[in-house]
$ cat coords.cif   # mmCIF, N, CA and C atoms
data_my_file
#
loop_
_atom_site.label_atom_id
_atom_site.label_comp_id
_atom_site.auth_asym_id
_atom_site.auth_seq_id
_atom_site.Cartn_x
_atom_site.Cartn_y
_atom_site.Cartn_z
N MET V 47 20.52 17.99 -19.86
CA MET V 47 19.33 18.31 -19.10
C MET V 47 18.34 17.15 -19.21
N ARG V 48 17.77 16.79 -18.09
CA ARG V 48 16.82 15.68 -18.06
C ARG V 48 15.43 16.21 -17.84
N LEU V 49 14.52 15.78 -18.66
CA LEU V 49 13.13 16.21 -18.51
C LEU V 49 12.46 15.39 -17.41
N ALA V 50 11.72 16.06 -16.59
CA ALA V 50 10.96 15.35 -15.55
C ALA V 50 9.82 14.61 -16.21
N SER V 51 9.66 13.41 -15.81
CA SER V 51 8.55 12.64 -16.38
C SER V 51 7.29 12.88 -15.56
N SER V 52 6.21 13.02 -16.26
CA SER V 52 4.94 13.23 -15.56
C SER V 52 4.37 11.87 -15.17
N PRO V 53 3.66 11.83 -14.06
CA PRO V 53 3.09 10.55 -13.64
C PRO V 53 2.08 10.06 -14.68
N THR V 54 2.06 8.78 -14.86
CA THR V 54 1.14 8.18 -15.81
C THR V 54 -0.26 8.20 -15.21
N VAL V 55 -1.21 8.68 -16.00
CA VAL V 55 -2.60 8.72 -15.55
C VAL V 55 -3.27 7.42 -16.00
N LEU V 56 -3.91 6.78 -15.07
CA LEU V 56 -4.60 5.54 -15.37
C LEU V 56 -5.94 5.86 -16.00
N THR V 57 -6.11 5.48 -17.24
CA THR V 57 -7.37 5.73 -17.93
C THR V 57 -8.39 4.66 -17.55
N PRO V 58 -9.66 4.98 -17.68
CA PRO V 58 -10.68 3.96 -17.42
C PRO V 58 -10.49 2.72 -18.31
N ASP V 59 -10.10 2.92 -19.58
CA ASP V 59 -9.89 1.78 -20.47
C ASP V 59 -8.74 0.89 -19.99
N ALA V 60 -7.65 1.51 -19.55
CA ALA V 60 -6.51 0.74 -19.06
C ALA V 60 -6.86 -0.02 -17.79
N PHE V 61 -7.59 0.63 -16.90
CA PHE V 61 -8.01 -0.05 -15.68
C PHE V 61 -8.93 -1.22 -16.01
N GLU V 62 -9.89 -0.97 -16.91
CA GLU V 62 -10.83 -2.02 -17.29
C GLU V 62 -10.11 -3.22 -17.89
N ALA V 63 -9.12 -2.97 -18.72
CA ALA V 63 -8.38 -4.08 -19.35
C ALA V 63 -7.70 -4.96 -18.32
N ARG V 64 -7.02 -4.33 -17.36
CA ARG V 64 -6.33 -5.13 -16.35
C ARG V 64 -7.32 -5.79 -15.40
N PHE V 65 -8.39 -5.09 -15.04
CA PHE V 65 -9.39 -5.67 -14.17
C PHE V 65 -10.07 -6.86 -14.86
N SER V 66 -10.27 -6.76 -16.16
CA SER V 66 -10.86 -7.88 -16.92
C SER V 66 -9.97 -9.12 -16.84
N ASP V 67 -8.65 -8.91 -16.81
CA ASP V 67 -7.73 -10.04 -16.63
C ASP V 67 -8.00 -10.73 -15.29
N LEU V 68 -8.22 -9.93 -14.25
CA LEU V 68 -8.51 -10.49 -12.93
C LEU V 68 -9.83 -11.26 -12.94
N VAL V 69 -10.84 -10.67 -13.53
CA VAL V 69 -12.17 -11.32 -13.59
C VAL V 69 -12.06 -12.64 -14.36
N GLU V 70 -11.38 -12.62 -15.48
CA GLU V 70 -11.23 -13.84 -16.28
C GLU V 70 -10.50 -14.93 -15.50
N LEU V 71 -9.46 -14.53 -14.79
CA LEU V 71 -8.71 -15.50 -13.99
C LEU V 71 -9.59 -16.11 -12.90
N ILE V 72 -10.34 -15.28 -12.19
CA ILE V 72 -11.22 -15.78 -11.14
C ILE V 72 -12.26 -16.73 -11.72
N CYS V 73 -12.85 -16.36 -12.85
CA CYS V 73 -13.86 -17.21 -13.49
C CYS V 73 -13.27 -18.53 -13.96
N ASP V 74 -12.08 -18.49 -14.54
CA ASP V 74 -11.43 -19.72 -15.00
C ASP V 74 -11.17 -20.66 -13.84
N ALA V 75 -10.66 -20.12 -12.74
CA ALA V 75 -10.37 -20.95 -11.58
C ALA V 75 -11.66 -21.52 -10.99
N ALA V 76 -12.69 -20.72 -10.92
CA ALA V 76 -13.97 -21.19 -10.39
C ALA V 76 -14.56 -22.27 -11.30
N HIS V 77 -14.38 -22.10 -12.60
CA HIS V 77 -14.93 -23.08 -13.55
C HIS V 77 -14.28 -24.45 -13.41
N VAL V 78 -12.94 -24.48 -13.25
CA VAL V 78 -12.28 -25.77 -13.10
C VAL V 78 -12.37 -26.29 -11.67
N GLY V 79 -12.70 -25.43 -10.74
CA GLY V 79 -12.91 -25.87 -9.36
C GLY V 79 -11.69 -25.87 -8.48
N TYR V 80 -10.57 -25.45 -9.01
CA TYR V 80 -9.35 -25.34 -8.21
C TYR V 80 -8.38 -24.41 -8.92
N CYS V 81 -7.31 -24.07 -8.22
CA CYS V 81 -6.34 -23.12 -8.78
C CYS V 81 -5.06 -23.85 -9.14
N LYS V 82 -4.72 -23.76 -10.40
CA LYS V 82 -3.45 -24.32 -10.85
C LYS V 82 -2.34 -23.36 -10.43
N PRO V 83 -1.11 -23.84 -10.30
CA PRO V 83 -0.01 -22.96 -9.85
C PRO V 83 0.15 -21.69 -10.69
N PHE V 84 0.00 -21.79 -12.00
CA PHE V 84 0.14 -20.59 -12.83
C PHE V 84 -0.98 -19.59 -12.53
N MET V 85 -2.14 -20.08 -12.12
CA MET V 85 -3.25 -19.19 -11.78
C MET V 85 -2.91 -18.41 -10.51
N GLU V 86 -2.35 -19.10 -9.54
CA GLU V 86 -1.95 -18.42 -8.29
C GLU V 86 -0.88 -17.37 -8.58
N ALA V 87 0.06 -17.71 -9.46
CA ALA V 87 1.12 -16.75 -9.81
C ALA V 87 0.52 -15.53 -10.50
N GLN V 88 -0.41 -15.75 -11.40
CA GLN V 88 -1.06 -14.64 -12.10
C GLN V 88 -1.88 -13.80 -11.11
N TYR V 89 -2.56 -14.45 -10.18
CA TYR V 89 -3.34 -13.72 -9.18
C TYR V 89 -2.42 -12.82 -8.35
N THR V 90 -1.26 -13.33 -7.98
CA THR V 90 -0.30 -12.55 -7.20
C THR V 90 0.09 -11.28 -7.95
N LEU V 91 0.35 -11.41 -9.26
CA LEU V 91 0.71 -10.24 -10.07
C LEU V 91 -0.45 -9.25 -10.19
N LEU V 92 -1.63 -9.77 -10.46
CA LEU V 92 -2.80 -8.90 -10.61
C LEU V 92 -3.16 -8.25 -9.27
N ARG V 93 -3.00 -8.99 -8.22
CA ARG V 93 -3.26 -8.46 -6.87
C ARG V 93 -2.34 -7.28 -6.57
N ALA V 94 -1.07 -7.42 -6.90
CA ALA V 94 -0.11 -6.34 -6.68
C ALA V 94 -0.47 -5.12 -7.54
N TRP V 95 -0.86 -5.35 -8.78
CA TRP V 95 -1.23 -4.25 -9.67
C TRP V 95 -2.46 -3.52 -9.12
N MET V 96 -3.47 -4.28 -8.73
CA MET V 96 -4.70 -3.67 -8.19
C MET V 96 -4.40 -2.92 -6.90
N SER V 97 -3.55 -3.46 -6.04
CA SER V 97 -3.21 -2.81 -4.78
C SER V 97 -2.55 -1.45 -5.02
N GLU V 98 -1.84 -1.34 -6.11
CA GLU V 98 -1.18 -0.07 -6.45
C GLU V 98 -2.11 0.89 -7.18
N HIS V 99 -2.93 0.38 -8.09
CA HIS V 99 -3.69 1.24 -8.99
C HIS V 99 -5.14 1.51 -8.59
N PHE V 100 -5.73 0.66 -7.77
CA PHE V 100 -7.12 0.92 -7.40
C PHE V 100 -7.27 2.05 -6.38
N PRO V 101 -6.45 2.12 -5.32
CA PRO V 101 -6.66 3.17 -4.32
C PRO V 101 -6.75 4.60 -4.89
N PRO V 102 -5.92 4.98 -5.87
CA PRO V 102 -6.04 6.35 -6.39
C PRO V 102 -7.36 6.64 -7.12
N ILE V 103 -8.04 5.60 -7.58
CA ILE V 103 -9.31 5.83 -8.29
C ILE V 103 -10.52 5.37 -7.48
N ALA V 104 -10.30 4.86 -6.30
CA ALA V 104 -11.38 4.29 -5.48
C ALA V 104 -12.52 5.26 -5.25
N ALA V 105 -12.20 6.54 -5.12
CA ALA V 105 -13.23 7.54 -4.86
C ALA V 105 -14.23 7.68 -6.01
N GLU V 106 -13.90 7.13 -7.16
CA GLU V 106 -14.82 7.15 -8.30
C GLU V 106 -16.02 6.22 -8.08
N PHE V 107 -15.92 5.35 -7.09
CA PHE V 107 -16.93 4.32 -6.84
C PHE V 107 -17.53 4.48 -5.45
N SER V 108 -18.78 4.05 -5.29
CA SER V 108 -19.43 4.12 -3.98
C SER V 108 -18.68 3.23 -2.99
N GLY V 109 -18.91 3.47 -1.71
CA GLY V 109 -18.26 2.68 -0.67
C GLY V 109 -18.51 1.19 -0.80
N ARG V 110 -19.74 0.81 -1.12
CA ARG V 110 -20.06 -0.61 -1.28
C ARG V 110 -19.30 -1.21 -2.44
N VAL V 111 -19.23 -0.50 -3.55
CA VAL V 111 -18.53 -1.00 -4.73
C VAL V 111 -17.02 -1.03 -4.47
N GLN V 112 -16.51 -0.04 -3.75
CA GLN V 112 -15.09 -0.07 -3.38
C GLN V 112 -14.77 -1.35 -2.62
N GLU V 113 -15.64 -1.70 -1.68
CA GLU V 113 -15.44 -2.92 -0.89
C GLU V 113 -15.49 -4.16 -1.78
N GLU V 114 -16.37 -4.16 -2.77
CA GLU V 114 -16.46 -5.30 -3.68
C GLU V 114 -15.17 -5.43 -4.49
N PHE V 115 -14.64 -4.31 -4.99
CA PHE V 115 -13.36 -4.36 -5.70
C PHE V 115 -12.29 -4.94 -4.79
N GLU V 116 -12.17 -4.37 -3.60
CA GLU V 116 -11.12 -4.79 -2.68
C GLU V 116 -11.25 -6.26 -2.30
N SER V 117 -12.46 -6.75 -2.18
CA SER V 117 -12.65 -8.16 -1.81
C SER V 117 -12.11 -9.10 -2.88
N LEU V 118 -11.97 -8.60 -4.10
CA LEU V 118 -11.48 -9.44 -5.20
C LEU V 118 -9.96 -9.51 -5.26
N TYR V 119 -9.27 -8.55 -4.64
CA TYR V 119 -7.81 -8.59 -4.72
C TYR V 119 -7.09 -8.52 -3.37
N CYS V 120 -7.82 -8.38 -2.29
CA CYS V 120 -7.17 -8.29 -0.98
C CYS V 120 -6.95 -9.65 -0.33
N THR V 121 -7.54 -10.68 -0.89
CA THR V 121 -7.35 -12.02 -0.35
C THR V 121 -5.95 -12.51 -0.71
N GLU V 122 -5.31 -13.20 0.20
CA GLU V 122 -3.91 -13.62 0.02
C GLU V 122 -3.67 -14.53 -1.18
N SER V 123 -4.66 -15.31 -1.55
CA SER V 123 -4.46 -16.22 -2.68
C SER V 123 -5.79 -16.42 -3.42
N LEU V 124 -5.68 -16.85 -4.64
CA LEU V 124 -6.87 -17.14 -5.43
C LEU V 124 -7.64 -18.31 -4.82
N SER V 125 -6.92 -19.30 -4.34
CA SER V 125 -7.58 -20.44 -3.69
C SER V 125 -8.41 -19.98 -2.50
N ALA V 126 -7.85 -19.10 -1.69
CA ALA V 126 -8.57 -18.59 -0.52
C ALA V 126 -9.80 -17.79 -0.95
N LEU V 127 -9.67 -17.03 -2.02
CA LEU V 127 -10.81 -16.26 -2.52
C LEU V 127 -11.96 -17.19 -2.89
N LEU V 128 -11.64 -18.28 -3.57
CA LEU V 128 -12.68 -19.23 -3.98
C LEU V 128 -13.26 -19.97 -2.79
N ILE V 129 -12.41 -20.35 -1.86
CA ILE V 129 -12.87 -21.09 -0.68
C ILE V 129 -13.79 -20.22 0.19
N GLN V 130 -13.46 -18.94 0.30
CA GLN V 130 -14.23 -18.02 1.14
C GLN V 130 -15.55 -17.60 0.51
N ASP V 131 -15.74 -17.91 -0.75
CA ASP V 131 -16.97 -17.49 -1.43
C ASP V 131 -18.18 -18.17 -0.83
N SER V 132 -19.15 -17.35 -0.46
CA SER V 132 -20.39 -17.88 0.10
C SER V 132 -21.52 -17.77 -0.92
N GLY V 133 -21.14 -17.69 -2.19
CA GLY V 133 -22.14 -17.58 -3.24
C GLY V 133 -22.30 -16.17 -3.78
N ALA V 134 -21.54 -15.22 -3.24
CA ALA V 134 -21.66 -13.82 -3.65
C ALA V 134 -20.61 -13.39 -4.66
N LEU V 135 -19.67 -14.27 -4.98
CA LEU V 135 -18.57 -13.90 -5.85
C LEU V 135 -19.04 -13.43 -7.23
N MET V 136 -19.92 -14.15 -7.84
CA MET V 136 -20.40 -13.77 -9.18
C MET V 136 -21.09 -12.41 -9.14
N GLY V 137 -21.86 -12.15 -8.12
CA GLY V 137 -22.51 -10.85 -7.97
C GLY V 137 -21.50 -9.72 -7.83
N ARG V 138 -20.43 -9.97 -7.08
CA ARG V 138 -19.39 -8.95 -6.92
C ARG V 138 -18.68 -8.68 -8.24
N LEU V 139 -18.43 -9.74 -8.99
CA LEU V 139 -17.79 -9.57 -10.30
C LEU V 139 -18.68 -8.74 -11.23
N LEU V 140 -19.96 -9.03 -11.25
CA LEU V 140 -20.88 -8.29 -12.11
C LEU V 140 -21.04 -6.84 -11.65
N ASP V 141 -21.16 -6.63 -10.34
CA ASP V 141 -21.30 -5.27 -9.81
C ASP V 141 -20.09 -4.41 -10.15
N THR V 142 -18.90 -4.96 -10.00
CA THR V 142 -17.70 -4.17 -10.26
C THR V 142 -17.55 -3.89 -11.75
N GLN V 143 -17.90 -4.85 -12.58
CA GLN V 143 -17.82 -4.61 -14.02
C GLN V 143 -18.83 -3.53 -14.45
N GLU V 144 -20.02 -3.56 -13.89
CA GLU V 144 -21.02 -2.52 -14.18
C GLU V 144 -20.52 -1.15 -13.72
N ALA V 145 -19.87 -1.11 -12.58
CA ALA V 145 -19.35 0.14 -12.06
C ALA V 145 -18.27 0.72 -12.99
N ILE V 146 -17.45 -0.15 -13.55
CA ILE V 146 -16.42 0.31 -14.48
C ILE V 146 -17.07 0.88 -15.74
N VAL V 147 -18.09 0.22 -16.25
CA VAL V 147 -18.79 0.71 -17.44
C VAL V 147 -19.38 2.10 -17.15
N ALA V 148 -20.01 2.27 -16.01
CA ALA V 148 -20.59 3.57 -15.64
C ALA V 148 -19.50 4.63 -15.51
N TRP V 149 -18.38 4.27 -14.92
CA TRP V 149 -17.26 5.19 -14.77
C TRP V 149 -16.72 5.62 -16.13
N LYS V 150 -16.60 4.66 -17.03
CA LYS V 150 -16.11 4.98 -18.39
C LYS V 150 -17.09 5.92 -19.09
N GLN V 151 -18.36 5.68 -18.93
CA GLN V 151 -19.37 6.53 -19.61
C GLN V 151 -19.37 7.94 -19.03
N ALA V 152 -19.03 8.09 -17.77
CA ALA V 152 -19.01 9.40 -17.13
C ALA V 152 -17.75 10.20 -17.48
N ASN V 153 -16.74 9.52 -18.00
CA ASN V 153 -15.47 10.20 -18.32
C ASN V 153 -15.31 10.44 -19.79
#
$ encode --input "coords.cif" --output "structure tokens"
Amino acid sequence: MRLASSPTVLTPDAFEARFSDLVELICDAAHVGYCKPFMEAQYTLLRAWMSEHFPPIAAEFSGRVQEEFESLYCTESLSALLIQDSGALMGRLLDTQEAIVAWKQAN
């Protein structure tokens, strides 16, 4: 007899940990001013993870904050994300991190 496995619930701490990896990667690339190949590869992995795990929890955040999250992982490449930045990237990073802290405190 095989036991059915229950779906894994994404905890706020687990989401924060993986999202922090994305934030750190974006900041590192912005700091050096370009994206090294390993950075692009890491962005691709984090982008796939966020694409799978953010939509089920998106309703926890306001529409504006949802858009800020999505803007950080919906871009095709890390290079494109940096090139498209009009000076709002740091604000989006801070807003989304604040939103995660508030979400964790509410849970």
$ atom_distance --input "coords.cif" --atom1 "atom CA of V:Trp149" --atom2 "atom CA of V:Phe115"
13.7 Å
$ closest_residue --input "coords.cif" --among "V:Met85, V:Leu139, V:Ala152, V:Val55" --to "V:Ser125" --atoms "all atoms listed in the file"
V:Met85
$ closest_residue --input "coords.cif" --among "V:Cys81, V:Ala145, V:Ala126, V:Met96" --to "V:Val111" --atoms "only N, CA and C atoms"
V:Ala145
$ atom_distance --input "coords.cif" --atom1 "atom C of V:Ile103" --atom2 "atom N of V:His77"
28.2 Å
$ atom_distance --input "coords.cif" --atom1 "atom C of V:Leu71" --atom2 "atom N of V:Glu113"
19.2 Å
$ resolve_selection --input "coords.cif" --expression "the PyMOL selection byres (((chain V and resi 62-67 and name CA) around 9) and name CA)" --output "PyMOL selection string"
chain V and resi 57-61+68-72+92+95-96+143+146-147+150
$ closest_residue --input "coords.cif" --among "V:Asp74, V:Pro83, V:Asp141, V:Ser132" --to "V:Gln112" --atoms "only C-alpha atoms"
V:Asp141
$ axis_aligned_box --input "coords.cif" --around "stretch 54-67 of chain V" --padding-each-side "4 Å" --output "lines of an AutoDock Vina configuration file"
center_x = -4.4
center_y = -1.0
center_z = -17.3
size_x = 20.9
size_y = 27.5
size_z = 14.3
$ closest_residue --input "coords.cif" --among "V:Glu86, V:Glu114, V:Glu106, V:Glu98" --to "V:Gly137" --atoms "only C-alpha atoms"
V:Glu114
$ build_atoms --input "coords.cif" --residues "stretch 57-83 of chain V" --atoms "N, CA, C and O atoms" --output "CSV table (one decimal), keeping the file's coordinate frame"
chain,number,residue,atom,x,y,z
V,57,THR,N,-6.1,5.5,-17.2
V,57,THR,CA,-7.4,5.7,-17.9
V,57,THR,C,-8.4,4.7,-17.6
V,57,THR,O,-8.0,3.5,-17.2
V,58,PRO,N,-9.7,5.0,-17.7
V,58,PRO,CA,-10.7,4.0,-17.4
V,58,PRO,C,-10.5,2.7,-18.3
V,58,PRO,O,-10.7,1.6,-17.8
V,59,ASP,N,-10.1,2.9,-19.6
V,59,ASP,CA,-9.9,1.8,-20.5
V,59,ASP,C,-8.7,0.9,-20.0
V,59,ASP,O,-8.8,-0.3,-20.0
V,60,ALA,N,-7.6,1.5,-19.6
V,60,ALA,CA,-6.5,0.7,-19.1
V,60,ALA,C,-6.9,0.0,-17.8
V,60,ALA,O,-6.5,-1.2,-17.6
V,61,PHE,N,-7.6,0.6,-16.9
V,61,PHE,CA,-8.0,0.0,-15.7
V,61,PHE,C,-8.9,-1.2,-16.0
V,61,PHE,O,-8.8,-2.3,-15.5
V,62,GLU,N,-9.9,-1.0,-16.9
V,62,GLU,CA,-10.8,-2.0,-17.3
V,62,GLU,C,-10.1,-3.2,-17.9
V,62,GLU,O,-10.5,-4.4,-17.6
V,63,ALA,N,-9.1,-3.0,-18.7
V,63,ALA,CA,-8.4,-4.1,-19.4
V,63,ALA,C,-7.7,-5.0,-18.3
V,63,ALA,O,-7.8,-6.2,-18.4
V,64,ARG,N,-7.0,-4.3,-17.4
V,64,ARG,CA,-6.3,-5.1,-16.4
V,64,ARG,C,-7.3,-5.8,-15.4
V,64,ARG,O,-7.1,-6.9,-15.0
V,65,PHE,N,-8.4,-5.1,-15.0
V,65,PHE,CA,-9.4,-5.7,-14.2
V,65,PHE,C,-10.1,-6.9,-14.9
V,65,PHE,O,-10.4,-7.9,-14.2
V,66,SER,N,-10.3,-6.8,-16.2
V,66,SER,CA,-10.9,-7.9,-16.9
V,66,SER,C,-10.0,-9.1,-16.8
V,66,SER,O,-10.5,-10.2,-16.8
V,67,ASP,N,-8.6,-8.9,-16.8
V,67,ASP,CA,-7.7,-10.0,-16.6
V,67,ASP,C,-8.0,-10.7,-15.3
V,67,ASP,O,-8.0,-12.0,-15.2
V,68,LEU,N,-8.2,-9.9,-14.2
V,68,LEU,CA,-8.5,-10.5,-12.9
V,68,LEU,C,-9.8,-11.3,-12.9
V,68,LEU,O,-9.9,-12.4,-12.4
V,69,VAL,N,-10.8,-10.7,-13.5
V,69,VAL,CA,-12.2,-11.3,-13.6
V,69,VAL,C,-12.1,-12.6,-14.4
V,69,VAL,O,-12.6,-13.7,-13.9
V,70,GLU,N,-11.4,-12.6,-15.5
V,70,GLU,CA,-11.2,-13.8,-16.3
V,70,GLU,C,-10.5,-14.9,-15.5
V,70,GLU,O,-10.9,-16.1,-15.5
V,71,LEU,N,-9.5,-14.5,-14.8
V,71,LEU,CA,-8.7,-15.5,-14.0
V,71,LEU,C,-9.6,-16.1,-12.9
V,71,LEU,O,-9.6,-17.3,-12.7
V,72,ILE,N,-10.3,-15.3,-12.2
V,72,ILE,CA,-11.2,-15.8,-11.1
V,72,ILE,C,-12.3,-16.7,-11.7
V,72,ILE,O,-12.5,-17.8,-11.2
V,73,CYS,N,-12.8,-16.4,-12.8
V,73,CYS,CA,-13.9,-17.2,-13.5
V,73,CYS,C,-13.3,-18.5,-14.0
V,73,CYS,O,-13.9,-19.6,-13.8
V,74,ASP,N,-12.1,-18.5,-14.5
V,74,ASP,CA,-11.4,-19.7,-15.0
V,74,ASP,C,-11.2,-20.7,-13.8
V,74,ASP,O,-11.4,-21.9,-13.9
V,75,ALA,N,-10.7,-20.1,-12.7
V,75,ALA,CA,-10.4,-21.0,-11.6
V,75,ALA,C,-11.7,-21.5,-11.0
V,75,ALA,O,-11.7,-22.7,-10.6
V,76,ALA,N,-12.7,-20.7,-10.9
V,76,ALA,CA,-14.0,-21.2,-10.4
V,76,ALA,C,-14.6,-22.3,-11.3
V,76,ALA,O,-15.1,-23.2,-10.8
V,77,HIS,N,-14.4,-22.1,-12.6
V,77,HIS,CA,-14.9,-23.1,-13.6
V,77,HIS,C,-14.3,-24.4,-13.4
V,77,HIS,O,-15.0,-25.5,-13.4
V,78,VAL,N,-12.9,-24.5,-13.2
V,78,VAL,CA,-12.3,-25.8,-13.1
V,78,VAL,C,-12.4,-26.3,-11.7
V,78,VAL,O,-12.1,-27.5,-11.4
V,79,GLY,N,-12.7,-25.4,-10.7
V,79,GLY,CA,-12.9,-25.9,-9.4
V,79,GLY,C,-11.7,-25.9,-8.5
V,79,GLY,O,-11.8,-26.3,-7.3
V,80,TYR,N,-10.6,-25.4,-9.0
V,80,TYR,CA,-9.4,-25.3,-8.2
V,80,TYR,C,-8.4,-24.4,-8.9
V,80,TYR,O,-8.6,-24.0,-10.1
V,81,CYS,N,-7.3,-24.1,-8.2
V,81,CYS,CA,-6.3,-23.1,-8.8
V,81,CYS,C,-5.1,-23.8,-9.1
V,81,CYS,O,-4.4,-24.5,-8.3
V,82,LYS,N,-4.7,-23.8,-10.4
V,82,LYS,CA,-3.4,-24.3,-10.8
V,82,LYS,C,-2.3,-23.4,-10.4
V,82,LYS,O,-2.6,-22.2,-10.2
V,83,PRO,N,-1.1,-23.8,-10.3
V,83,PRO,CA,0.0,-23.0,-9.8
V,83,PRO,C,0.2,-21.7,-10.7
V,83,PRO,O,0.4,-20.6,-10.1
